[in-house]
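Asker: For reference, the file work.cif (mmCIF, C-alpha atoms) is included below:
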data_entry
#
loop_
_atom_site.label_atom_id
_atom_site.label_comp_id
_atom_site.auth_asym_id
_atom_site.auth_seq_id
_atom_site.Cartn_x
_atom_site.Cartn_y
_atom_site.Cartn_z
CA MET A 1 -16.75 -6.63 -2.04
CA HIS A 2 -18.51 -7.60 -5.26
CA HIS A 3 -21.46 -5.37 -4.40
CA THR A 4 -19.21 -2.39 -3.61
CA LEU A 5 -17.30 -2.72 -6.89
CA ALA A 6 -20.50 -3.16 -8.84
CA ARG A 7 -22.09 -0.02 -7.45
CA ALA A 8 -18.88 1.92 -8.12
CA ARG A 9 -19.32 1.11 -11.80
CA ARG A 10 -22.83 2.48 -12.10
CA THR A 11 -21.60 5.63 -13.82
CA LEU A 12 -20.10 3.53 -16.61
CA ALA A 13 -23.28 1.51 -16.89
CA ALA A 14 -25.38 4.63 -17.17
CA ALA A 15 -23.11 5.82 -19.97
CA GLY A 16 -24.01 2.77 -21.99
CA VAL A 17 -20.74 0.88 -21.63
CA LEU A 18 -22.64 -2.21 -20.51
CA ALA A 19 -25.42 -3.89 -22.44
CA ALA A 20 -28.55 -3.82 -20.29
CA CYS A 21 -31.54 -6.04 -21.01
CA ALA A 22 -34.74 -4.60 -19.63
CA ILE A 23 -37.62 -6.74 -18.43
CA VAL A 24 -40.42 -7.22 -20.96
CA PRO A 25 -43.73 -7.16 -19.05
CA ALA A 26 -45.84 -10.30 -19.22
CA ALA A 27 -48.76 -8.23 -20.42
CA HIS A 28 -46.90 -7.69 -23.69
CA LEU A 29 -46.41 -11.36 -24.49
CA SER A 30 -47.68 -12.66 -27.81
CA THR A 31 -46.99 -15.99 -29.46
CA ALA A 32 -46.56 -16.34 -33.21
CA ALA A 33 -47.98 -19.29 -35.12
CA PRO A 34 -45.50 -22.18 -35.41
CA HIS A 35 -44.07 -23.13 -38.79
CA GLY A 36 -41.58 -25.71 -40.07
CA THR A 37 -41.61 -29.47 -40.20
CA ALA A 38 -43.68 -31.67 -37.89
CA ALA A 39 -40.51 -32.88 -36.14
CA GLN A 40 -39.38 -29.28 -35.56
CA ALA A 41 -42.81 -28.35 -34.19
CA THR A 42 -42.67 -31.33 -31.84
CA ARG A 43 -39.27 -30.25 -30.50
CA ALA A 44 -40.58 -26.71 -30.05
CA ALA A 45 -43.63 -27.95 -28.16
CA ALA A 46 -41.34 -29.93 -25.90
CA GLY A 47 -39.39 -26.78 -25.07
CA GLY A 48 -36.29 -27.93 -26.93
CA CYS A 49 -33.56 -25.49 -27.85
CA ASP A 50 -32.50 -26.23 -31.42
CA VAL A 51 -32.81 -25.08 -35.03
CA LEU A 52 -36.59 -25.39 -35.39
CA ALA A 53 -37.10 -24.39 -39.04
CA PRO A 54 -35.27 -24.88 -42.34
CA GLY A 55 -33.57 -22.29 -44.54
CA ALA A 56 -30.96 -20.66 -42.29
CA SER A 57 -27.31 -20.32 -43.24
CA ALA A 58 -24.68 -22.61 -41.72
CA ALA A 59 -23.41 -19.73 -39.58
CA ALA A 60 -26.91 -18.89 -38.31
CA GLU A 61 -27.59 -22.53 -37.43
CA ALA A 62 -24.24 -22.72 -35.63
CA ALA A 63 -25.12 -19.54 -33.71
CA VAL A 64 -28.44 -21.07 -32.61
CA ARG A 65 -26.70 -24.19 -31.33
CA ALA A 66 -24.02 -22.14 -29.56
CA ALA A 67 -26.69 -20.09 -27.77
CA CYS A 68 -28.59 -23.27 -26.91
CA SER A 69 -25.42 -24.77 -25.42
CA GLN A 70 -25.67 -22.09 -22.70
CA LEU A 71 -29.20 -23.04 -21.64
CA GLY A 72 -29.43 -22.86 -17.85
CA VAL A 73 -26.50 -20.45 -17.42
CA TRP A 74 -27.34 -17.45 -15.23
CA TYR A 75 -28.54 -14.16 -16.63
CA THR A 76 -26.25 -11.54 -15.16
CA TRP A 77 -26.33 -7.82 -16.00
CA GLY A 78 -23.28 -6.91 -18.07
CA GLY A 79 -22.28 -10.58 -18.37
CA GLY A 80 -20.55 -11.74 -21.54
CA HIS A 81 -18.72 -8.50 -22.24
CA GLY A 82 -15.18 -9.47 -21.26
CA PRO A 83 -12.10 -9.26 -23.48
CA GLN A 84 -13.19 -12.48 -25.21
CA PRO A 85 -16.74 -13.75 -25.87
CA GLY A 86 -18.04 -15.95 -23.07
CA ALA A 87 -19.72 -15.88 -19.69
CA THR A 88 -18.42 -13.40 -17.10
CA TYR A 89 -19.49 -12.15 -13.68
CA GLY A 90 -22.01 -9.35 -13.90
CA GLN A 91 -22.75 -6.10 -12.14
CA VAL A 92 -25.62 -4.56 -10.19
CA ASP A 93 -28.20 -2.84 -12.37
CA PRO A 94 -29.19 0.25 -10.36
CA THR A 95 -32.72 0.04 -11.83
CA ASP A 96 -33.33 -3.61 -10.91
CA PRO A 97 -33.24 -4.90 -7.31
CA ALA A 98 -33.23 -8.48 -8.66
CA SER A 99 -29.67 -7.88 -9.91
CA ASP A 100 -28.12 -7.57 -6.43
CA HIS A 101 -26.52 -11.01 -6.76
CA ASP A 102 -25.37 -10.58 -10.38
CA PRO A 103 -21.75 -9.80 -9.35
CA GLU A 104 -21.66 -13.32 -7.81
CA ARG A 105 -23.14 -15.02 -10.90
CA ARG A 106 -21.18 -15.95 -13.99
CA GLY A 107 -23.32 -15.67 -17.08
CA PHE A 108 -24.66 -13.44 -19.84
CA ASP A 109 -26.93 -10.53 -20.44
CA CYS A 110 -28.93 -10.51 -23.67
CA SER A 111 -26.26 -9.04 -25.93
CA GLY A 112 -23.49 -11.01 -24.21
CA LEU A 113 -25.27 -14.22 -25.22
CA VAL A 114 -25.74 -13.01 -28.81
CA ARG A 115 -22.08 -11.99 -28.98
CA TYR A 116 -20.98 -15.43 -27.78
CA ALA A 117 -23.31 -17.28 -30.17
CA TYR A 118 -22.04 -15.55 -33.29
CA ALA A 119 -18.40 -15.62 -32.18
CA GLN A 120 -18.67 -19.37 -31.79
CA ALA A 121 -20.43 -19.66 -35.15
CA THR A 122 -18.04 -17.55 -37.21
CA GLY A 123 -14.75 -17.77 -35.34
CA GLN A 124 -14.75 -13.97 -35.07
CA ASP A 125 -15.97 -11.50 -32.46
CA ILE A 126 -18.30 -9.75 -34.91
CA LEU A 127 -21.05 -8.66 -32.48
CA ALA A 128 -19.20 -7.21 -29.50
CA GLY A 129 -21.19 -4.39 -27.92
CA THR A 130 -24.69 -3.58 -26.74
CA ALA A 131 -28.00 -4.86 -28.04
CA ASN A 132 -28.43 -1.54 -29.84
CA SER A 133 -25.06 -1.78 -31.59
CA GLN A 134 -25.78 -5.39 -32.59
CA TYR A 135 -29.10 -4.35 -34.12
CA HIS A 136 -27.28 -1.70 -36.17
CA SER A 137 -24.21 -3.81 -36.94
CA SER A 138 -22.48 -3.59 -40.33
CA HIS A 139 -22.91 -7.39 -40.45
CA VAL A 140 -26.70 -7.04 -40.81
CA THR A 141 -27.80 -8.22 -44.26
CA ALA A 142 -31.59 -7.98 -43.89
CA ARG A 143 -34.11 -6.17 -41.67
CA PHE A 144 -37.69 -7.06 -40.80
CA ASP A 145 -40.12 -4.62 -39.18
CA ALA A 146 -42.44 -5.50 -36.33
CA GLY A 147 -45.49 -5.68 -38.58
CA GLN A 148 -44.00 -8.61 -40.50
CA GLY A 149 -44.12 -10.83 -37.41
CA THR A 150 -42.17 -14.06 -37.62
CA GLY A 151 -43.26 -14.88 -41.18
CA PRO A 152 -39.97 -13.98 -42.91
CA LEU A 153 -37.69 -14.95 -40.04
CA LEU A 154 -35.17 -17.79 -40.09
CA PRO A 155 -33.31 -19.47 -37.22
CA GLY A 156 -30.42 -17.30 -36.10
CA ASP A 157 -32.17 -13.99 -36.82
CA LEU A 158 -31.98 -11.52 -33.96
CA MET A 159 -35.27 -10.25 -32.53
CA ALA A 160 -35.09 -6.84 -30.83
CA TRP A 161 -37.14 -4.65 -28.49
CA GLY A 162 -36.92 -0.90 -27.92
CA GLY A 163 -36.82 2.27 -29.99
CA ALA A 164 -35.18 2.58 -33.39
CA ASP A 165 -31.95 3.83 -31.81
CA SER A 166 -32.45 2.55 -28.28
CA ILE A 167 -32.74 -1.24 -28.50
CA HIS A 168 -32.66 -2.62 -24.96
CA HIS A 169 -33.20 -6.35 -25.49
CA ILE A 170 -32.21 -8.88 -28.14
CA ALA A 171 -32.78 -12.62 -28.58
CA VAL A 172 -31.94 -15.39 -31.06
CA TYR A 173 -34.86 -16.76 -33.07
CA LEU A 174 -35.10 -20.57 -33.24
CA GLY A 175 -38.05 -20.99 -35.59
CA ALA A 176 -41.54 -22.35 -34.79
CA GLY A 177 -42.38 -19.26 -32.77
CA LYS A 178 -39.57 -19.84 -30.25
CA MET A 179 -36.42 -17.96 -29.28
CA VAL A 180 -33.51 -18.39 -26.90
CA GLU A 181 -32.62 -15.45 -24.67
CA ALA A 182 -30.86 -14.18 -21.58
CA ARG A 183 -33.85 -12.26 -20.30
CA GLN A 184 -33.47 -10.69 -16.87
CA SER A 185 -31.77 -10.94 -13.49
CA GLY A 186 -32.81 -13.88 -11.34
CA THR A 187 -33.37 -16.16 -14.35
CA HIS A 188 -31.25 -18.38 -16.58
CA VAL A 189 -30.68 -18.54 -20.35
CA MET A 190 -34.00 -19.93 -21.54
CA VAL A 191 -36.22 -20.85 -24.46
CA SER A 192 -39.25 -18.54 -24.70
CA ASP A 193 -42.25 -17.98 -26.94
CA VAL A 194 -41.58 -15.01 -29.21
CA ARG A 195 -43.07 -11.72 -27.99
CA LEU A 196 -44.53 -9.54 -30.73
CA GLY A 197 -46.33 -7.00 -28.54
CA GLY A 198 -45.13 -4.06 -26.50
CA ASP A 199 -42.06 -2.37 -27.94
CA TYR A 200 -41.00 -5.21 -30.23
CA ASN A 201 -39.08 -3.35 -32.94
CA GLY A 202 -38.34 -6.04 -35.51
CA ALA A 203 -35.50 -8.38 -36.39
CA VAL A 204 -32.22 -8.48 -38.28
CA ARG A 205 -30.30 -11.16 -40.11
CA ILE A 206 -26.55 -11.46 -39.60
CA GLY A 207 -24.36 -12.23 -42.61
CA GLY A 208 -21.14 -14.19 -42.73
CA SER A 209 -20.13 -17.80 -42.87
CA PRO A 210 -18.49 -19.99 -40.25
CA GLY A 211 -14.95 -18.76 -39.77
CA GLN A 212 -14.98 -16.65 -42.93
CA GLU A 213 -11.35 -15.66 -42.37
CA GLY A 214 -10.06 -18.97 -41.00
CA ASN A 215 -7.61 -21.21 -42.83
CA PHE A 216 -8.58 -24.53 -41.21
CA SER A 217 -11.77 -26.09 -39.88
CA THR A 218 -12.53 -27.92 -36.65
CA TRP A 219 -14.85 -30.90 -36.61
CA GLY A 220 -17.01 -32.57 -33.97
CA THR A 221 -19.34 -30.99 -31.44
CA ASP A 222 -18.66 -29.35 -28.07
CA VAL A 223 -14.89 -29.28 -28.62
CA TRP A 224 -12.96 -27.34 -25.97
CA THR A 225 -9.79 -25.29 -26.38
CA HIS A 226 -7.28 -24.90 -23.54
CA THR A 227 -4.85 -22.36 -22.12
CA GLN A 228 -1.96 -24.78 -22.69
CA PRO A 229 -1.44 -27.73 -25.07
CA SER A 230 -2.85 -30.12 -22.50
CA THR A 231 -6.33 -31.39 -21.64
CA THR A 232 -5.59 -30.80 -17.95
CA SER A 233 -5.08 -27.05 -18.44
CA ALA A 234 -7.94 -24.58 -18.05
CA ARG A 235 -10.65 -24.52 -20.69
CA VAL A 236 -11.01 -21.38 -22.79
CA ASN A 237 -13.93 -21.76 -25.20
CA LYS A 238 -16.10 -24.46 -26.72
CA PHE A 239 -16.82 -24.96 -30.43
CA ALA A 240 -20.44 -26.09 -30.59
CA GLY A 241 -19.90 -27.45 -34.10
CA PRO A 242 -17.47 -27.25 -37.05
CA THR A 243 -15.82 -23.82 -37.07
CA ARG A 244 -13.28 -22.18 -39.35
CA VAL A 245 -10.21 -21.08 -37.38
CA LYS A 246 -6.84 -19.45 -37.90
CA ILE A 247 -3.81 -21.46 -36.78
CA ALA A 248 -0.56 -19.64 -35.97
CA CYS A 249 1.66 -22.66 -35.27
CA GLN A 250 1.69 -26.24 -33.95
CA LYS A 251 3.81 -28.24 -31.56
CA HIS A 252 4.20 -31.71 -30.05
CA ALA A 253 2.88 -31.80 -26.47
CA GLN A 254 0.44 -33.98 -24.51
CA LEU A 255 -0.59 -37.22 -26.22
CA VAL A 256 -4.38 -37.29 -26.60
CA GLU A 257 -6.67 -40.20 -27.43
CA ALA A 258 -10.19 -39.24 -28.50
CA ASP A 259 -12.88 -40.40 -30.93
CA GLY A 260 -10.69 -43.23 -32.19
CA TYR A 261 -7.64 -41.05 -32.86
CA ARG A 262 -4.30 -40.71 -31.08
CA ASN A 263 -2.10 -37.64 -31.57
CA ASP A 264 0.38 -35.48 -29.63
CA ALA A 265 0.17 -32.46 -31.96
CA TRP A 266 -1.52 -29.27 -30.78
CA SER A 267 -2.33 -26.06 -32.67
CA TYR A 268 -2.36 -22.52 -31.34
CA LEU A 269 -5.42 -20.39 -32.26
CA PRO A 270 -4.41 -16.70 -32.04
CA ASP A 271 -7.97 -15.36 -32.22
CA TYR A 272 -8.85 -17.32 -29.08
CA ARG A 273 -5.44 -17.26 -27.39
CA ALA A 274 -5.92 -20.96 -26.87
CA TRP A 275 -4.72 -24.41 -27.91
CA ILE A 276 -6.62 -27.27 -29.55
CA THR A 277 -5.53 -30.84 -30.14
CA ASN A 278 -4.95 -31.54 -33.83
CA ILE A 279 -7.34 -34.46 -33.49
CA TYR A 280 -10.17 -31.97 -33.95
CA ILE A 281 -8.59 -30.04 -36.83
CA GLN A 282 -9.53 -31.38 -40.26
CA GLY A 283 -6.42 -32.60 -42.06
CA PRO A 284 -3.39 -34.79 -41.35
CA ALA A 285 -2.13 -35.39 -37.81
CA TRP A 286 0.68 -32.87 -38.44
CA LEU A 287 -0.80 -30.01 -40.48
CA ASP A 288 0.81 -29.16 -43.80
CA GLY A 289 2.15 -25.64 -44.14
CA VAL A 290 1.78 -24.73 -40.45
CA PRO A 291 5.07 -23.77 -38.73
CA THR A 292 6.29 -25.30 -35.50
CA CYS A 293 5.77 -23.08 -32.46
CA ALA A 294 8.92 -21.59 -31.00
#
Would you write the structure of this file as structure tokens?
Answerer:
Amino acid sequence: MHHTLARARRTLAAAGVLAACAIVPAAHLSTAAPHGTAAQATRAAAGGCDVLAPGASAAAEAAVRAACSQLGVWYTWGGGHGPQPGATYGQVDPTDPASDHDPERRGFDCSGLVRYAYAQATGQDILAGTANSQYHSSHVTARFDAGQGTGPLLPGDLMAWGGADSIHHIAVYLGAGKMVEARQSGTHVMVSDVRLGGDYNGAVRIGGSPGQEGNFSTWGTDVWTHTQPSTTSARVNKFAGPTRVKIACQKHAQLVEADGYRNDAWSYLPDYRAWITNIYIQGPAWLDGVPTCA
């Protein structure tokens, strides 16, 4: 059934509705010289997925960590392009036999991973769309051509491959000559050496700050939201680190004990259509100025 539905959608895929990430041949691989602190270089050499150089904005660093939190998740063609940022089941890429099982795999394609990373970092879905649309996004604040290599790049910058108006692959730069990417069917989200050969086009820097339109901030790492004000309800999304969020209302519901706190107040996040315990919202146990949910 999955295969039949996937093949029925090929017309949409060909029209560019889905973000496809083409395979970059091994012959085009090229590794840039590492830079950054000795500790960062050590983590890079060990294959770690982390912010591996200084100088990036808080949002860019949060995006790196959000992408790294998905390490090991399946690549799946068209994955990550649902109504909300996050892993989804993919589709069959008619040009890639390795994608036959993508409709059975929940994961990301290249732009789906980038979308998720920056949504988690900023609290807004600012990079929905294909790799090409992300490369040309209005949120781009700086561009770097291929000839500049990795010299001017900072963690969180987006490296891209393809023509000027036909970008087909995109990845998140970590620093120290490394990047995290959802590369191709049959593989998982991975850390790779940067590739400066072939049709590498250059990189872009995304502007914005964590939750630039939010009115409150979360705290902690790997904090989950839920479909209902209860930890036993389904999980919706995970905040990899502190994130600015909008809160519509709050209510008393399940009593939660976590990280030395005890609270029965929950807040509703309209941008995520999800609930979060007030334990992980900075402020008093019952938030000032937030109405009670009906």
Asker: Which residue gives the smallest distance to Gly241 (chain A) among A:Cys49, A:Trp266, A:Tyr280, A:Ala146, with only C-alpha atoms counted?
Answerer: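 With only C-alpha atoms as the atom set, the closest residue is A:Tyr280.
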Asker: With only C-alpha atoms as the atoms that count, which of A:Ala60, A:Ala285, A:Val194, A:Cys110 lies nearest to Gly156 (chain A)?
Answerer: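 The answer is A:Ala60, which sits nearest to Gly156 (chain A).
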Asker: Taking the file above as input, evaluate the PyMOL selection byres ((chain A and resi 174) around 6) and report the hits as an NGL selection string.
Answerer: :A and (51-52 or 155 or 173 or 175 or 178-179)
Asker: With distances taken over only C-alpha atoms, which of A:Pro270, A:Val245, A:Asn278, A:Val92 is nearest to Glu257 (chain A)?
Answerer: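 Residue with the minimum atom-to-atom distance to Glu257 (chain A): A:Asn278.
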Asker: Just so the selection is clear, what residues does the PyMOL selection byres ((chain A and resi 227-239) around 7) cover here, as a PDB file with C-alpha atoms, in the coordinates of the input?
Answerer:
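Written output follows (selection.pdb):
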ATOM      1  CA  GLN A 120     -18.670 -19.370 -31.790  1.00  0.00           C
ATOM      2  CA  THR A 221     -19.340 -30.990 -31.440  1.00  0.00           C
ATOM      3  CA  ASP A 222     -18.660 -29.350 -28.070  1.00  0.00           C
ATOM      4  CA  VAL A 223     -14.890 -29.280 -28.620  1.00  0.00           C
ATOM      5  CA  TRP A 224     -12.960 -27.340 -25.970  1.00  0.00           C
ATOM      6  CA  THR A 225      -9.790 -25.290 -26.380  1.00  0.00           C
ATOM      7  CA  HIS A 226      -7.280 -24.900 -23.540  1.00  0.00           C
ATOM      8  CA  ALA A 240     -20.440 -26.090 -30.590  1.00  0.00           C
ATOM      9  CA  GLY A 241     -19.900 -27.450 -34.100  1.00  0.00           C
ATOM     10  CA  THR A 243     -15.820 -23.820 -37.070  1.00  0.00           C
ATOM     11  CA  ALA A 253       2.880 -31.800 -26.470  1.00  0.00           C
ATOM     12  CA  GLN A 254       0.440 -33.980 -24.510  1.00  0.00           C
ATOM     13  CA  TRP A 266      -1.520 -29.270 -30.780  1.00  0.00           C
ATOM     14  CA  ALA A 274      -5.920 -20.960 -26.870  1.00  0.00           C
ATOM     15  CA  TRP A 275      -4.720 -24.410 -27.910  1.00  0.00           C
ATOM     16  CA  ILE A 276      -6.620 -27.270 -29.550  1.00  0.00           C
TER      17      ILE A 276
END
Asker: Closest to Gly80 (chain A) among A:Lys251, A:Arg115, A:His139, A:Arg105, using all atoms listed in the file?
Answerer: A:Arg115
Asker: Would you mind telling me which residue in A:Gln250, A:Gln124, A:Ser57, A:Gln70 lies nearest to Pro85 (chain A) when using only C-alpha atoms?
Answerer: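 Between A:Gln250, A:Gln124, A:Ser57, A:Gln70, the residue approaching Pro85 (chain A) most closely is A:Gln124.
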Asker: Which one of A:Tyr268, A:Trp219, A:Tyr261, A:Trp161 sits closest to Gly198 (chain A) if you count all atoms listed in the file?
Answerer: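 Smallest distance to Gly198 (chain A) is found for A:Trp161.
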Asker: Do you know which residues the PyMOL selection byres ((chain A and resi 125) around 10) returns on this file, as a ChimeraX atom specification?
Answerer: /A:84-85,115-124,126-129,271-272
Asker: Need the axis-aligned box for region 244-252 of chain A with 5 Å each side, so what are the centre and edges in Å to one decimal, as JSON?
Answerer:
{"center_x": -4.5, "center_y": -25.6, "center_z": -34.7, "size_x": 27.5, "size_y": 22.3, "size_z": 19.3}
Asker: List every protein, DNA or RNA residue that has at least one atom no more than 12 Å from (-35.6, 3.2, -28.1) in the file's coordinates, counting only C-alpha atoms, and write the result as a list in words.
Answerer: Ala22, Ala131, Asn132, Tyr135, Ala160, Trp161, Gly162, Gly163, Ala164, Asp165, Ser166, Ile167, His168, His169, Asp199, Tyr200 and Asn201 of chain A
Asker: With only C-alpha atoms as the counted atoms, please give the residues lying no more than 6 Å from Gly107 (chain A), apart from itself and same-chain residues fewer than 6 positions off, as an MDAnalysis selection string.
Answerer: chainID A and resid 73:76 79 87:88
Asker: Can you measure CA of Leu154 (chain A) to CA of His81 (chain A) for me? One decimal in Å is fine.
Answerer: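 Those two atoms sit 26.0 Å apart.
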